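Trainee: Provided herewith: work.txt, compact mmCIF, C-alpha atoms.
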# COMPACT_ATOMS: atom_id res chain seq x y z
CA MET N 1 104.72 76.34 125.84
CA ASN N 2 101.52 78.12 126.90
CA GLU N 3 103.38 81.39 127.04
CA LEU N 4 104.64 80.80 123.50
CA LYS N 5 101.12 80.01 122.32
CA THR N 6 99.80 83.27 123.75
CA GLU N 7 102.70 85.09 122.09
CA LEU N 8 101.87 83.47 118.74
CA LYS N 9 98.18 84.32 119.06
CA GLN N 10 99.12 87.95 119.63
CA LEU N 11 101.47 87.78 116.63
CA VAL N 12 98.66 86.44 114.44
CA ILE N 13 96.30 89.20 115.65
CA ASP N 14 98.83 91.99 115.09
CA ALA N 15 100.34 90.79 111.81
CA LEU N 16 96.96 90.09 110.22
CA ASP N 17 95.01 93.12 111.54
CA LEU N 18 92.37 90.93 113.15
CA GLU N 19 89.84 93.50 114.34
CA ASP N 20 87.96 92.69 117.51
CA VAL N 21 89.76 89.36 118.00
CA THR N 22 91.50 88.80 121.36
CA VAL N 23 93.98 86.15 122.43
CA ASP N 24 91.16 84.42 124.33
CA ASP N 25 89.06 84.13 121.16
CA ILE N 26 91.63 81.89 119.48
CA ASP N 27 91.53 78.20 120.31
CA SER N 28 95.07 76.74 120.09
CA SER N 29 93.87 73.55 118.47
CA GLU N 30 91.37 75.02 116.00
CA PRO N 31 92.34 75.45 112.32
CA LEU N 32 93.79 78.86 111.44
CA PHE N 33 92.84 78.77 107.77
CA ILE N 34 89.47 78.61 106.01
CA ASP N 35 87.57 76.97 108.89
CA GLY N 36 88.17 78.04 112.46
CA LEU N 37 89.76 81.48 112.43
CA GLY N 38 89.06 81.84 108.69
CA LEU N 39 92.40 83.12 107.42
CA ASP N 40 93.12 83.17 103.67
CA SER N 41 96.10 82.79 101.34
CA ILE N 42 97.27 86.40 101.75
CA ASP N 43 97.29 85.80 105.51
CA ALA N 44 99.46 82.73 104.99
CA LEU N 45 102.08 84.83 103.19
CA GLU N 46 101.83 87.58 105.79
CA LEU N 47 102.17 85.08 108.63
CA GLY N 48 105.23 83.55 106.94
CA LEU N 49 106.80 87.01 106.86
CA ALA N 50 105.98 87.63 110.53
CA LEU N 51 107.58 84.30 111.55
CA GLN N 52 110.66 85.24 109.58
CA LYS N 53 110.86 88.68 111.20
CA CYS N 54 110.21 87.53 114.78
CA TYR N 55 111.89 84.14 114.94
CA GLY N 56 114.13 83.95 111.86
CA ILE N 57 112.12 81.01 110.53
CA LYS N 58 112.10 80.65 106.74
CA LEU N 59 109.42 78.48 105.22
CA THR N 60 108.92 77.36 101.66
CA ALA N 61 105.65 78.68 100.35
CA ASP N 62 103.04 76.05 99.58
CA SER N 63 105.05 73.01 100.68
CA GLU N 64 103.28 70.14 102.41
CA GLU N 65 105.39 70.76 105.52
CA THR N 66 104.44 74.43 105.71
CA ARG N 67 100.78 73.42 105.53
CA LYS N 68 101.29 71.17 108.55
CA HIS N 69 103.03 73.93 110.55
CA PHE N 70 100.27 76.42 109.70
CA ALA N 71 97.43 74.12 110.74
CA SER N 72 96.88 75.63 114.19
CA ILE N 73 98.50 77.65 116.98
CA ASP N 74 99.55 74.30 118.53
CA SER N 75 101.50 73.26 115.44
CA LEU N 76 102.99 76.74 115.01
CA ALA N 77 104.17 76.64 118.63
CA GLU N 78 105.87 73.29 117.98
CA LEU N 79 107.63 74.74 114.96
CA VAL N 80 108.85 77.83 116.82
CA ALA N 81 109.91 75.80 119.88
CA SER N 82 111.90 73.33 117.77
CA HIS N 83 113.51 76.22 115.93
CA LYS N 84 114.51 77.88 119.23
CA ASN N 85 116.06 74.63 120.50
CA ALA N 86 117.90 73.90 117.28
CA MET E 87 81.37 120.54 69.83
CA ASP E 88 79.59 117.37 70.86
CA SER E 89 77.91 117.40 74.19
CA PHE E 90 76.71 114.41 76.14
CA GLN E 91 73.72 114.12 78.43
CA ILE E 92 73.69 112.29 81.72
CA ALA E 93 71.63 112.46 84.92
CA ILE E 94 72.72 112.02 88.50
CA SER E 95 69.95 110.25 90.38
CA ASP E 96 71.56 109.95 93.81
CA TRP E 97 74.73 110.74 95.74
CA ALA E 98 76.47 110.11 99.05
CA ALA E 99 79.65 111.67 100.39
CA PHE E 100 81.93 111.07 103.33
CA SER E 101 84.59 113.00 105.18
CA PRO E 102 85.57 112.75 108.85
CA GLN E 103 83.73 116.11 109.25
CA ARG E 104 80.54 115.35 107.32
CA MET E 105 78.56 112.32 106.33
CA GLN E 106 74.87 113.23 106.37
CA ARG E 107 73.07 114.72 103.40
CA ASP E 108 72.00 117.91 105.18
CA GLN E 109 75.57 118.48 106.35
CA TRP E 110 76.79 118.33 102.76
CA LEU E 111 73.91 120.49 101.53
CA SER E 112 74.82 123.26 103.97
CA TRP E 113 78.50 122.79 103.06
CA ALA E 114 77.56 123.31 99.41
CA GLU E 115 75.71 126.50 100.36
CA GLY E 116 78.91 127.76 101.94
CA SER E 117 78.01 127.33 105.62
CA ALA E 118 80.93 127.03 108.01
CA SER E 119 81.78 123.61 109.40
CA SER E 120 80.12 122.67 112.64
CA GLU E 121 83.55 121.33 113.70
CA GLN E 122 81.92 118.04 114.66
CA ALA E 123 84.90 116.07 113.46
CA GLY E 124 85.71 112.43 113.90
CA TYR E 125 83.13 110.43 111.91
CA LYS E 126 84.17 106.88 111.12
CA PRO E 127 82.45 104.93 108.33
CA GLU E 128 80.70 101.83 109.65
CA LEU E 129 80.46 98.94 107.20
CA PRO E 130 78.30 96.28 108.87
CA TRP E 131 77.59 94.66 105.47
CA VAL E 132 81.30 93.89 104.94
CA ASN E 133 82.49 90.69 106.60
CA ALA E 134 84.94 91.53 109.43
CA MET E 135 87.66 89.38 107.84
CA LEU E 136 87.43 91.48 104.67
CA ARG E 137 86.86 94.79 106.44
CA ARG E 138 90.13 94.55 108.37
CA ARG E 139 92.00 94.93 105.08
CA LEU E 140 90.50 98.33 104.27
CA SER E 141 92.29 101.61 105.02
CA PRO E 142 90.21 104.48 106.45
CA MET E 143 89.98 105.83 102.88
CA GLY E 144 88.87 102.45 101.54
CA ARG E 145 86.21 102.32 104.24
CA ALA E 146 85.03 105.79 103.28
CA ALA E 147 84.77 104.72 99.62
CA LEU E 148 82.79 101.57 100.40
CA TRP E 149 80.58 103.43 102.86
CA ALA E 150 79.63 105.99 100.20
CA ALA E 151 79.02 103.21 97.66
CA GLY E 152 76.93 101.28 100.18
CA GLN E 153 74.60 104.24 100.76
CA LEU E 154 73.48 103.98 97.12
CA LEU E 155 72.84 100.24 97.07
CA ASP E 156 69.69 98.69 98.43
CA GLU E 157 67.21 96.03 97.48
CA GLN E 158 64.59 98.57 96.41
CA ARG E 159 66.77 99.78 93.56
CA PRO E 160 68.08 97.88 90.57
CA GLU E 161 71.69 96.81 90.81
CA PRO E 162 74.03 99.10 88.89
CA VAL E 163 74.95 97.68 85.49
CA ALA E 164 78.57 98.68 86.13
CA THR E 165 80.67 100.34 88.84
CA VAL E 166 83.52 102.79 88.25
CA PHE E 167 86.04 103.41 91.02
CA ALA E 168 88.22 106.48 90.52
CA SER E 169 91.07 107.88 92.53
CA ARG E 170 93.93 110.10 91.46
CA HIS E 171 96.47 108.68 93.90
CA GLY E 172 94.76 105.53 95.16
CA GLU E 173 96.24 103.87 98.23
CA VAL E 174 99.27 106.14 98.11
CA GLY E 175 99.85 105.82 101.87
CA ARG E 176 100.43 102.08 101.46
CA THR E 177 102.56 102.59 98.35
CA VAL E 178 104.88 105.05 100.12
CA LYS E 179 105.27 102.64 103.03
CA LEU E 180 106.10 99.80 100.62
CA MET E 181 108.63 101.98 98.79
CA ARG E 182 110.31 102.79 102.09
CA GLU E 183 110.53 99.08 102.94
CA LEU E 184 111.93 98.39 99.48
CA ALA E 185 114.55 101.13 99.92
CA ALA E 186 115.55 99.60 103.26
CA GLN E 187 115.69 96.18 101.54
CA ALA E 188 113.15 94.90 104.05
CA PRO E 189 110.69 92.21 102.95
CA LEU E 190 107.40 93.64 101.65
CA SER E 191 104.12 92.92 103.37
CA PRO E 192 102.14 90.67 100.99
CA ALA E 193 98.82 91.94 102.35
CA SER E 194 99.86 95.57 101.93
CA PHE E 195 101.15 94.87 98.42
CA SER E 196 97.93 93.19 97.35
CA LEU E 197 95.92 96.15 98.67
CA SER E 198 98.08 98.85 97.12
CA VAL E 199 96.92 98.03 93.58
CA HIS E 200 94.38 100.39 92.07
CA ASN E 201 91.51 97.92 91.81
CA ALA E 202 91.87 96.56 95.37
CA ILE E 203 89.00 98.61 96.80
CA GLY E 204 86.74 97.68 93.89
CA GLY E 205 87.73 94.06 94.45
CA ILE E 206 86.73 94.15 98.11
CA HIS E 207 83.50 95.93 97.14
CA SER E 208 82.69 93.15 94.68
CA ILE E 209 83.34 90.39 97.23
CA ALA E 210 81.44 92.14 100.03
CA ASN E 211 78.38 92.96 97.92
CA LYS E 212 78.56 89.94 95.60
CA VAL E 213 78.82 92.23 92.57
CA LEU E 214 79.05 90.32 89.30
CA SER E 215 78.74 93.30 86.94
CA PRO E 216 81.82 95.03 85.46
CA ILE E 217 84.04 97.12 87.73
CA THR E 218 86.57 99.62 86.38
CA ALA E 219 89.34 101.35 88.34
CA ILE E 220 90.46 104.69 86.91
CA SER E 221 93.31 107.05 87.62
CA ALA E 222 93.85 109.85 85.13
CA GLY E 223 95.82 112.61 86.82
CA PRO E 224 93.92 115.91 86.87
CA ASP E 225 91.28 114.35 84.56
CA THR E 226 90.42 111.57 87.02
CA LEU E 227 86.93 112.78 87.96
CA CYS E 228 85.81 113.54 84.42
CA ALA E 229 87.46 110.44 82.91
CA ALA E 230 85.47 108.33 85.36
CA LEU E 231 82.23 110.11 84.49
CA LEU E 232 83.00 109.64 80.79
CA GLU E 233 83.55 105.93 81.47
CA ALA E 234 80.19 105.85 83.27
CA TYR E 235 78.58 107.55 80.26
CA ALA E 236 80.19 105.01 77.89
CA GLN E 237 78.94 102.10 80.02
CA LEU E 238 75.43 103.57 80.05
CA ALA E 239 75.49 104.20 76.30
CA SER E 240 76.51 100.61 75.62
CA PRO E 241 73.70 98.63 73.98
CA ALA E 242 74.39 95.93 76.58
CA HIS E 243 72.96 98.14 79.33
CA PRO E 244 69.69 99.75 78.17
CA GLY E 245 68.05 101.84 80.86
CA GLY E 246 70.55 100.88 83.55
CA GLU E 247 72.35 102.92 86.16
CA VAL E 248 76.08 103.10 86.83
CA LEU E 249 77.64 103.61 90.25
CA CYS E 250 80.68 105.90 90.34
CA VAL E 251 82.87 106.06 93.45
CA PHE E 252 85.60 108.68 93.92
CA TYR E 253 88.09 108.60 96.76
CA ASP E 254 91.39 110.29 97.58
CA ASP E 255 93.52 111.20 100.56
CA PRO E 256 96.05 114.05 100.66
CA LEU E 257 99.53 112.93 99.57
CA PRO E 258 101.62 111.78 102.52
CA GLU E 259 105.16 112.89 103.27
CA PRO E 260 107.53 112.99 101.30
CA LEU E 261 105.13 113.63 98.39
CA ASP E 262 103.13 116.25 100.28
CA GLU E 263 104.82 119.12 98.42
CA PHE E 264 102.71 118.04 95.42
CA ASN E 265 99.47 118.65 97.29
CA ARG E 266 98.10 121.55 95.27
CA GLU E 267 94.48 121.21 96.22
CA THR E 268 92.65 121.07 99.49
CA ALA E 269 89.95 118.44 99.53
CA GLU E 270 87.04 118.21 101.91
CA VAL E 271 85.40 115.14 100.38
CA GLN E 272 87.24 111.90 101.14
CA ALA E 273 84.78 109.72 99.22
CA LEU E 274 81.87 110.50 96.89
CA ALA E 275 79.48 108.02 95.31
CA LEU E 276 77.11 108.90 92.45
CA ARG E 277 74.38 106.96 90.68
CA LEU E 278 74.16 107.93 87.04
CA ALA E 279 71.66 107.26 84.26
CA LEU E 280 71.13 108.42 80.70
CA THR E 281 67.50 109.25 81.23
CA ASP E 282 66.12 111.79 83.68
CA THR E 283 64.13 110.40 86.57
CA PRO E 284 62.18 112.50 89.10
CA GLY E 285 64.63 114.06 91.55
CA ALA E 286 67.65 113.47 89.33
CA VAL E 287 69.98 116.31 88.37
CA PRO E 288 70.19 116.38 84.55
CA LEU E 289 73.60 117.44 83.27
CA SER E 290 75.37 117.81 80.00
CA PHE E 291 79.09 117.87 79.43
CA SER E 292 81.50 118.55 76.64
CA LEU E 293 85.22 118.36 76.21
CA GLY E 294 87.37 121.06 74.66
CA GLU E 295 90.89 122.40 74.47
CA ALA E 296 92.02 124.06 77.66
CA PRO E 297 92.81 127.74 77.10
CA GLY E 298 96.51 128.22 77.65
CA GLY E 299 97.37 124.79 76.28
CA GLY E 300 99.42 122.72 78.71
CA ALA E 301 99.37 125.31 81.48
CA GLU E 302 99.72 123.78 84.90
CA VAL E 303 96.49 123.08 86.67
CA ARG E 304 96.23 125.11 89.83
CA ASP E 305 92.76 124.78 91.22
CA GLU E 306 92.51 125.68 94.84
CA SER E 307 90.05 123.00 95.78
CA ALA E 308 89.85 119.44 94.55
CA GLN E 309 87.66 118.66 91.56
CA VAL E 310 85.51 116.22 93.51
CA ASP E 311 84.71 119.01 95.99
CA ARG E 312 83.91 121.41 93.18
CA PHE E 313 81.74 118.87 91.41
CA LEU E 314 79.75 118.01 94.52
CA ARG E 315 79.23 121.69 95.31
CA PHE E 316 78.06 122.25 91.73
CA LEU E 317 75.68 119.31 92.02
CA LEU E 318 74.14 120.37 95.34
CA ASN E 319 74.08 124.13 95.06
CA GLY E 320 71.06 125.24 93.04
CA ASN E 321 72.71 128.55 92.16
CA GLU E 322 75.59 126.89 90.33
CA ARG E 323 74.61 126.18 86.73
CA VAL E 324 77.98 125.76 85.00
CA LEU E 325 81.22 124.13 86.06
CA ASN E 326 84.50 124.20 84.16
CA LEU E 327 87.08 121.63 85.21
CA LYS E 328 90.55 121.88 83.78
CA GLY E 329 92.33 118.64 83.06
CA ASP E 330 95.62 117.96 81.39
CA ARG E 331 95.33 120.25 78.28
CA ARG E 332 91.58 119.71 78.30
CA LEU E 333 88.62 121.60 79.59
CA TRP E 334 85.55 119.71 80.74
CA GLN E 335 82.44 121.87 80.68
CA TRP E 336 79.53 120.79 82.82
CA CYS E 337 76.16 122.36 82.69
CA LYS E 338 72.80 121.79 84.37
CA ARG E 339 70.27 121.05 81.68
CA ALA E 340 67.23 122.57 83.38
CA ARG E 341 68.21 125.90 81.88
CA ALA E 342 69.74 126.75 78.53
CA CYS E 343 72.96 124.92 77.88
CA PRO E 344 75.42 125.76 75.13
Written as structure tokens, that's how I'd like the structure from this file.
Mentor:
Amino acid sequence: MNELKTELKQLVIDALDLEDVTVDDIDSSEPLFIDGLGLDSIDALELGLALQKCYGIKLTADSEETRKHFASIDSLAELVASHKNA
Amino acid sequence: MDSFQIAISDWAAFSPQRMQRDQWLSWAEGSASSEQAGYKPELPWVNAMLRRRLSPMGRAALWAAGQLLDEQRPEPVATVFASRHGEVGRTVKLMRELAAQAPLSPASFSLSVHNAIGGIHSIANKVLSPITAISAGPDTLCAALLEAYAQLASPAHPGGEVLCVFYDDPLPEPLDEFNRETAEVQALALRLALTDTPGAVPLSFSLGEAPGGGAEVRDESAQVDRFLRFLLNGNERVLNLKGDRRLWQWCKRARACP
């Protein structure tokens, strides 16, 4: 799981052009959007695309469930792990 | 023919080869490049989360604009962003993805629109005044200056100054065969006013029919380069810029103008 979290942090950094942010700067439990890392709505769309490209995960934009998955690296890792096991 | 009067009170220009005023002044005098390439525009006043979205050209544009904004000077009453091809590098990449039926990058799409750089400028500098984004083919430079003139002449803005920002990159492959001009300036910012202030360059301009009608424009160097050279080089008094069937005539007002 930790390996997956590191992988997802790197994905977030690469897909969203986060300058000067390293994997170590991202706390797995901190919020990705607005507070915490400070991502915005364009990032949410871009991240959705990256998840689709890398893991074949399709999410409905702006659903309550997607919001939950996008809360933090921890919740994203759970989503990706459950998708891999499915 | 009507002619209009305008004054340029300040300027800043950026290219990877030149960014300081004296470098541009010697460029305008025709001095050879010092070959000190590789400048990168630093934008410490733009939040890192916003800055990451800017292309190198967008950074150049906002750097030039930023050089002309400070607390000692009144805020411009309006800002005009002008680019002939805009973020064409992003657009070409998006078109390629579309052709391959690959999903488009939402971030790249949102930044490929013509007012994206002006939008980031307004967020970064908390600009609440009007911002225009212009693209007008070979008339881009002069159309933007005409827009600046119109904003200044508006009764809503007595005595104000307008900020004009020009930026362009060479066309990328596969459009590069349409590159007819070589450009040195990647981004140029000008502050314009209707009234002459000490140190400003007073200009007048008029618009006429281009001789030869719709003849294809084949200037060897880009209009922004030619305009900046005209502005900085004291020996140049008149500048004719050919647009699409139009001729824009610029003249320094210190001496006799037609």
Trainee: Looking at all atoms listed in the file, which of N:Ile42, N:Ala50, N:Leu32, N:Ala77 is the one that sits closest to chain E?
Mentor: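 Ranking N:Ile42, N:Ala50, N:Leu32, N:Ala77 by distance to chain E, first place goes to N:Ile42.
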Trainee: Give the residues of chain E that lie within 12 Å of chain N; count only C-alpha atoms, and format the answer as an MDAnalysis selection string.
Mentor: chainID E and resid 133:141 188:197
Trainee: For a test of reading the model, state the distance in Å between CA of Thr177 (chain E) and CA of Gln272 (chain E), rounded to one decimal.
Mentor: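 The value is 18.1 Å.
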Trainee: Every residue with an atom at most 7 Å from (71.6, 101.2, 88.8) (file coordinates; only C-alpha atoms) is what I'm after, so could you write them as an MDAnalysis selection string?
Mentor: chainID E and resid 159:163 246:249 277
Trainee: Would you list the residues near (69.8, 109.7, 88.4), meaning any protein, DNA or RNA residue with an atom at most 7 Å from that point in file coordinates, counting only C-alpha atoms, as a JSON list (two decimals) with C-alpha atoms, in the frame of the given file?
Mentor:
[["chain", "number", "residue", "atom", "x", "y", "z"],
["E", 93, "ALA", "CA", 71.63, 112.46, 84.92],
["E", 94, "ILE", "CA", 72.72, 112.02, 88.50],
["E", 95, "SER", "CA", 69.95, 110.25, 90.38],
["E", 96, "ASP", "CA", 71.56, 109.95, 93.81],
["E", 277, "ARG", "CA", 74.38, 106.96, 90.68],
["E", 278, "LEU", "CA", 74.16, 107.93, 87.04],
["E", 279, "ALA", "CA", 71.66, 107.26, 84.26],
["E", 282, "ASP", "CA", 66.12, 111.79, 83.68],
["E", 283, "THR", "CA", 64.13, 110.40, 86.57],
["E", 286, "ALA", "CA", 67.65, 113.47, 89.33],
["E", 287, "VAL", "CA", 69.98, 116.31, 88.37]]
Trainee: Around all of region 243-250 of chain E's listed atoms, make the axis-aligned box with 5 Å on each side and tell me centre and edge lengths in Å to one decimal, as AutoDock Vina command-line options.
Mentor:
--center_x 74.4 --center_y 102.0 --center_z 84.3 --size_x 22.6 --size_y 17.8 --size_z 22.2
Trainee: Just how far from CA of Val324 (chain E) is CA of Trp336 (chain E), in Å to one decimal?
Mentor: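 According to the coordinates, CA of Trp336 (chain E) and CA of Val324 (chain E) are separated by 5.6 Å.
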Trainee: Which is closest to Ala230 (chain E) among E:Asn211, E:Thr165, E:Gln91, E:Gln153, if we use all atoms listed in the file?
Mentor: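 Smallest separation from Ala230 (chain E) among the options: E:Thr165.
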Trainee: Report the distance between CA of Ala222 (chain E) and CA of Thr268 (chain E) in Å, rounded to one decimal place.
Mentor: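 Between CA of Ala222 (chain E) and CA of Thr268 (chain E) the gap works out to 18.3 Å.
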Trainee: For each of N:Thr6, N:Arg67, N:Ser82, N:Gly56, take the minimum atom-to-atom distance to Ser28 (chain N), counting only C-alpha atoms, then give the residue where this is smallest.
Mentor: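 The closest residue to Ser28 (chain N) is N:Thr6.
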Trainee: If we count all atoms listed in the file, what is near Ile73 (chain N) at a cut-off of 12 Å, once residues fewer than 5 positions away on the same chain are taken out, given as a ChimeraX atom specification?
Mentor: /N:1-13,23,26-33,36-37,47,68,78-81
Trainee: Of the candidates E:Trp110, E:Trp149, E:Tyr235, E:Phe252, which shows the shortest atom-to-atom distance to Gly172 (chain E), using all atoms listed in the file?
Mentor: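 Closest candidate: E:Phe252.
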Trainee: Which residues are near region 97-107 of chain E? Cut-off 10 Å, all atoms listed in the file, ignore same chain within fewer than 2 positions. Put them as a PyMOL selection string.
Mentor: chain E and resi 94-95+109-113+119-127+142-143+145-154+249-253+269-278+286+311+314+317-318
Trainee: Could you write region 139-165 of chain E as a JSON list (two decimals), keeping the file's coordinate frame, with N, CA and C atoms rebuilt where they are missing?
Mentor:
[["chain", "number", "residue", "atom", "x", "y", "z"],
["E", 139, "ARG", "N", 91.00, 94.60, 106.10],
["E", 139, "ARG", "CA", 92.00, 94.93, 105.08],
["E", 139, "ARG", "C", 91.86, 96.36, 104.57],
["E", 140, "LEU", "N", 90.76, 97.01, 104.86],
["E", 140, "LEU", "CA", 90.50, 98.33, 104.27],
["E", 140, "LEU", "C", 91.15, 99.45, 105.09],
["E", 141, "SER", "N", 91.77, 100.39, 104.38],
["E", 141, "SER", "CA", 92.29, 101.61, 105.02],
["E", 141, "SER", "C", 91.10, 102.51, 105.37],
["E", 142, "PRO", "N", 91.31, 103.54, 106.19],
["E", 142, "PRO", "CA", 90.21, 104.48, 106.45],
["E", 142, "PRO", "C", 89.62, 105.06, 105.15],
["E", 143, "MET", "N", 90.49, 105.32, 104.16],
["E", 143, "MET", "CA", 89.98, 105.83, 102.88],
["E", 143, "MET", "C", 89.16, 104.77, 102.15],
["E", 144, "GLY", "N", 89.62, 103.54, 102.17],
["E", 144, "GLY", "CA", 88.87, 102.45, 101.54],
["E", 144, "GLY", "C", 87.51, 102.27, 102.20],
["E", 145, "ARG", "N", 87.49, 102.41, 103.52],
["E", 145, "ARG", "CA", 86.21, 102.32, 104.24],
["E", 145, "ARG", "C", 85.28, 103.45, 103.83],
["E", 146, "ALA", "N", 85.85, 104.65, 103.69],
["E", 146, "ALA", "CA", 85.03, 105.79, 103.28],
["E", 146, "ALA", "C", 84.42, 105.52, 101.90],
["E", 147, "ALA", "N", 85.24, 104.99, 100.99],
["E", 147, "ALA", "CA", 84.77, 104.72, 99.62],
["E", 147, "ALA", "C", 83.64, 103.70, 99.63],
["E", 148, "LEU", "N", 83.83, 102.61, 100.39],
["E", 148, "LEU", "CA", 82.79, 101.57, 100.40],
["E", 148, "LEU", "C", 81.56, 102.00, 101.17],
["E", 149, "TRP", "N", 81.75, 102.88, 102.15],
["E", 149, "TRP", "CA", 80.58, 103.43, 102.86],
["E", 149, "TRP", "C", 79.73, 104.23, 101.89],
["E", 150, "ALA", "N", 80.38, 105.14, 101.14],
["E", 150, "ALA", "CA", 79.63, 105.99, 100.20],
["E", 150, "ALA", "C", 78.92, 105.11, 99.17],
["E", 151, "ALA", "N", 79.63, 104.11, 98.64],
["E", 151, "ALA", "CA", 79.02, 103.21, 97.66],
["E", 151, "ALA", "C", 77.81, 102.50, 98.27],
["E", 152, "GLY", "N", 77.98, 102.05, 99.51],
["E", 152, "GLY", "CA", 76.93, 101.28, 100.18],
["E", 152, "GLY", "C", 75.66, 102.08, 100.40],
["E", 153, "GLN", "N", 75.78, 103.41, 100.54],
["E", 153, "GLN", "CA", 74.60, 104.24, 100.76],
["E", 153, "GLN", "C", 73.68, 104.24, 99.54],
["E", 154, "LEU", "N", 74.26, 103.91, 98.36],
["E", 154, "LEU", "CA", 73.48, 103.98, 97.12],
["E", 154, "LEU", "C", 73.05, 102.60, 96.63],
["E", 155, "LEU", "N", 73.24, 101.60, 97.46],
["E", 155, "LEU", "CA", 72.84, 100.24, 97.07],
["E", 155, "LEU", "C", 71.81, 99.74, 98.06],
["E", 156, "ASP", "N", 70.66, 99.37, 97.57],
["E", 156, "ASP", "CA", 69.69, 98.69, 98.43],
["E", 156, "ASP", "C", 68.77, 97.84, 97.57],
["E", 157, "GLU", "N", 68.01, 97.00, 98.24],
["E", 157, "GLU", "CA", 67.21, 96.03, 97.48],
["E", 157, "GLU", "C", 66.07, 96.67, 96.71],
["E", 158, "GLN", "N", 65.70, 97.91, 97.10],
["E", 158, "GLN", "CA", 64.59, 98.57, 96.41],
["E", 158, "GLN", "C", 65.01, 99.07, 95.01],
["E", 159, "ARG", "N", 66.32, 99.22, 94.83],
["E", 159, "ARG", "CA", 66.77, 99.78, 93.56],
["E", 159, "ARG", "C", 67.46, 98.71, 92.73],
["E", 160, "PRO", "N", 67.38, 98.86, 91.40],
["E", 160, "PRO", "CA", 68.08, 97.88, 90.57],
["E", 160, "PRO", "C", 69.58, 97.95, 90.80],
["E", 161, "GLU", "N", 70.23, 96.83, 90.68],
["E", 161, "GLU", "CA", 71.69, 96.81, 90.81],
["E", 161, "GLU", "C", 72.31, 97.62, 89.69],
["E", 162, "PRO", "N", 73.37, 98.37, 89.99],
["E", 162, "PRO", "CA", 74.03, 99.10, 88.89],
["E", 162, "PRO", "C", 74.54, 98.13, 87.83],
["E", 163, "VAL", "N", 74.48, 98.55, 86.56],
["E", 163, "VAL", "CA", 74.95, 97.68, 85.49],
["E", 163, "VAL", "C", 76.47, 97.64, 85.44],
["E", 164, "ALA", "N", 77.11, 98.66, 86.05],
["E", 164, "ALA", "CA", 78.57, 98.68, 86.13],
["E", 164, "ALA", "C", 78.96, 99.62, 87.27],
["E", 165, "THR", "N", 80.17, 99.46, 87.79],
["E", 165, "THR", "CA", 80.67, 100.34, 88.84],
["E", 165, "THR", "C", 82.04, 100.86, 88.41]]
